[in-house]
Every structure is written in structure tokens, then in C-alpha cells.
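K.L.:
I am sharing coords21.txt, which consists of compact mmCIF, C-alpha atoms:
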```txt
# COMPACT_ATOMS: atom_id res chain seq x y z
CA MET M 121 11.78 39.67 -0.96
CA GLU M 122 8.44 38.12 -0.04
CA ALA M 123 5.04 39.31 1.11
CA TYR M 124 1.47 38.21 1.68
CA VAL M 125 -1.22 40.34 0.06
CA PHE M 126 -4.70 40.13 1.59
CA LEU M 127 -7.63 41.19 -0.59
CA SER M 128 -11.15 42.17 0.37
CA CYS M 129 -13.45 41.49 -2.59
CA GLU M 130 -17.01 41.96 -3.72
CA PRO M 131 -19.14 38.88 -3.12
CA LEU M 132 -19.40 36.44 -6.03
CA LEU M 133 -16.08 37.60 -7.52
CA VAL M 134 -13.75 35.91 -5.03
CA TRP M 135 -12.89 32.90 -7.21
CA GLU M 136 -12.37 35.02 -10.33
CA ILE M 137 -10.07 37.36 -8.42
CA ALA M 138 -8.02 34.46 -7.00
CA GLU M 139 -7.67 32.98 -10.50
CA ALA M 140 -6.66 36.36 -11.98
CA ALA M 141 -4.18 37.04 -9.17
CA ILE M 142 -2.11 33.95 -9.93
CA LYS M 143 -1.49 35.35 -13.42
CA ILE M 144 0.34 38.42 -12.05
CA GLU M 145 4.09 38.07 -12.45
CA GLY M 146 5.62 37.27 -9.05
CA VAL M 147 2.48 35.78 -7.52
CA LYS M 148 3.39 32.25 -6.42
CA MET M 149 0.08 31.28 -4.79
CA ALA M 150 -3.38 32.81 -4.50
CA HIS M 151 -6.25 31.27 -2.55
CA ALA M 152 -9.82 32.13 -1.67
CA VAL M 153 -9.98 32.00 2.14
CA THR M 154 -12.39 32.39 5.03
CA GLY M 155 -12.12 35.10 7.64
CA GLN M 156 -11.51 38.84 7.52
CA PHE M 157 -10.17 38.74 3.93
CA ASP M 158 -11.44 36.92 0.85
CA VAL M 159 -8.22 36.15 -1.04
CA VAL M 160 -4.63 35.79 0.13
CA ALA M 161 -1.70 35.83 -2.28
CA TYR M 162 1.94 34.96 -1.64
CA VAL M 163 4.26 37.10 -3.75
CA GLU M 164 7.99 37.29 -4.43
CA PHE M 165 9.61 40.46 -5.77
CA PRO M 166 13.13 41.88 -6.22
CA ASN M 167 12.49 45.36 -4.76
CA MET M 168 9.81 47.62 -3.30
CA GLY M 169 9.20 49.27 -6.66
CA LYS M 170 8.13 45.92 -8.11
CA LEU M 171 5.89 45.28 -5.11
CA ARG M 172 4.26 48.69 -5.63
CA GLU M 173 3.62 47.73 -9.27
CA MET M 174 2.10 44.40 -8.24
CA LEU M 175 -0.17 46.09 -5.68
CA GLY M 176 -1.42 48.41 -8.40
CA GLN M 177 -2.35 45.36 -10.47
CA PHE M 178 -4.24 43.83 -7.54
CA GLN M 179 -6.04 47.09 -6.78
CA SER M 180 -7.10 47.60 -10.39
CA MET M 181 -8.85 44.21 -10.58
CA LYS M 182 -12.62 44.41 -10.92
CA GLY M 183 -14.17 43.54 -7.55
CA VAL M 184 -11.15 44.23 -5.33
CA GLN M 185 -12.27 46.64 -2.63
CA ARG M 186 -9.02 46.98 -0.69
CA THR M 187 -5.71 45.31 -0.03
CA GLN M 188 -3.45 44.87 2.97
CA THR M 189 0.16 43.79 2.59
CA ALA M 190 2.46 42.04 5.05
CA VAL M 191 6.10 42.07 3.92
CA THR M 192 8.06 39.24 5.50
CA ILE M 193 10.99 39.96 7.79
CA PRO M 194 14.21 38.10 6.92
CA PRO M 195 15.44 35.49 9.43
CA ARG M 196 17.43 36.89 12.30
CA LEU M 197 21.18 36.44 12.02
CA LYS M 198 22.80 34.80 15.03
```
Please go through the file and, once you have read it, give me the structure as C-alpha cells.
P.N.:
Amino acid sequence: MEAYVFLSCEPLLVWEIAEAAIKIEGVKMAHAVTGQFDVVAYVEFPNMGKLREMLGQFQSMKGVQRTQTAVTIPPRLK
């Protein structure tokens, strides 16, 4: 399974949070970005329990104010 995790962060901690995020098991990419959110991470996980664990790790990072998660929908079968 795959998802994108969007993080709102305290100013001046964006780069540190992006660098720390990539160290979480299952995080494949993490980037500081412009727009509504400050960091976006692409994650892969075997089940929703693992995703819940990963979200807890994101939310416990110093400077993370909130997260929003978008779980991808598998391709449509024809």
C-alpha cells in the first residue's frame, strides 16, 4: 500500500523534519515543499496498522504541528 503524508511544521524546522522523515522505515521520499504544507513524504506500508505506526512517528517529531494523509487508490481493474 502507498500514501502521501503532508506535514505542517514550525518555521525554521522544515529541513530538519524532511531529513528526519526519510529515516522512518517505509518512507521512500520526503521533500520540503511550497504551498499549504511544508513537507510531503511518500510512504509504502504493508497494512493500515503499519501506517498508523508511521503516522505516530511523524506526529511525535519536534516541530510537526499536524499531518494529513492521502492513501492511494489501487488502479481500476478492467
K.L.:
Residues proximal to (-15.2, 41.2, -4.0) were defined as those with any atom within 9 Å of that point in the file's coordinates, counting all atoms listed in the file. Which are they, as a list in words?
P.N.:
Leu127, Ser128, Cys129, Glu130, Pro131, Leu132, Leu133, Val134, Ile137, Asp158, Lys182, Gly183, Val184 and Gln185 of chain M
K.L.:
Around all of stretch 128-131 of chain M's listed atoms, make the axis-aligned box with 8 Å on each side and tell me centre and edge lengths in Å to one decimal, as JSON.
P.N.:
```
{"center_x": -15.1, "center_y": 40.5, "center_z": -1.7, "size_x": 24.0, "size_y": 19.3, "size_z": 20.1}
```
K.L.:
With only C-alpha atoms as the counted atoms, please give the residues lying no more than 9 Å from M:Leu175, apart from itself and same-chain residues fewer than 3 positions off, as number ranges by chain.
P.N.:
M: 125, 170-172, 178-180, 187, 189
K.L.:
Work out how far apart atom CA of M:Gly169 and atom CA of M:Glu136 are and give it in Å to one decimal.
P.N.:
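Here the two named atoms are 26.1 Å from each other.
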K.L.:
Need to verify the contact set: M:Ala150, 7 Å, all atoms listed in the file, exclusion of same-chain residues closer than 2 positions in sequence. Can you return it as a list in words?
P.N.:
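Neighbouring residues, sequence-local ones excluded: Ala138, Ala141, Ile142, Val159, Val160, Ala161 and Tyr162 of chain M.
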K.L.:
Taking 5 positions as the minimum chain separation for residues in the same chain, which residues sit within 10 Å of M:Ile193 when counting all atoms listed in the file? Answer as a PDB file with C-alpha atoms, in the frame of the given file.
P.N.:
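File produced: out-v6.pdb:
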```pdb
ATOM      1  CA  MET M 121      11.780  39.670  -0.960  1.00  0.00           C
ATOM      2  CA  GLU M 122       8.440  38.120  -0.040  1.00  0.00           C
ATOM      3  CA  ALA M 123       5.040  39.310   1.110  1.00  0.00           C
TER       4      ALA M 123
END
```
K.L.:
Quick check, in Å to one decimal: how far apart do atom CA of M:Met168 and atom CA of M:Lys148 lie?
P.N.:
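According to the coordinates, atom CA of M:Met168 and atom CA of M:Lys148 are separated by 16.9 Å.
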K.L.:
Closest to M:Glu139 among M:Val163, M:Val191, M:Leu197, M:Ala152, using all atoms listed in the file?
P.N.:
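With all atoms listed in the file as the atom set, the closest residue is M:Ala152.
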K.L.:
Please measure the separation of atom CA of M:Val147 and atom CA of M:Pro166, giving the value in Å to one decimal.
P.N.:
12.3 Å
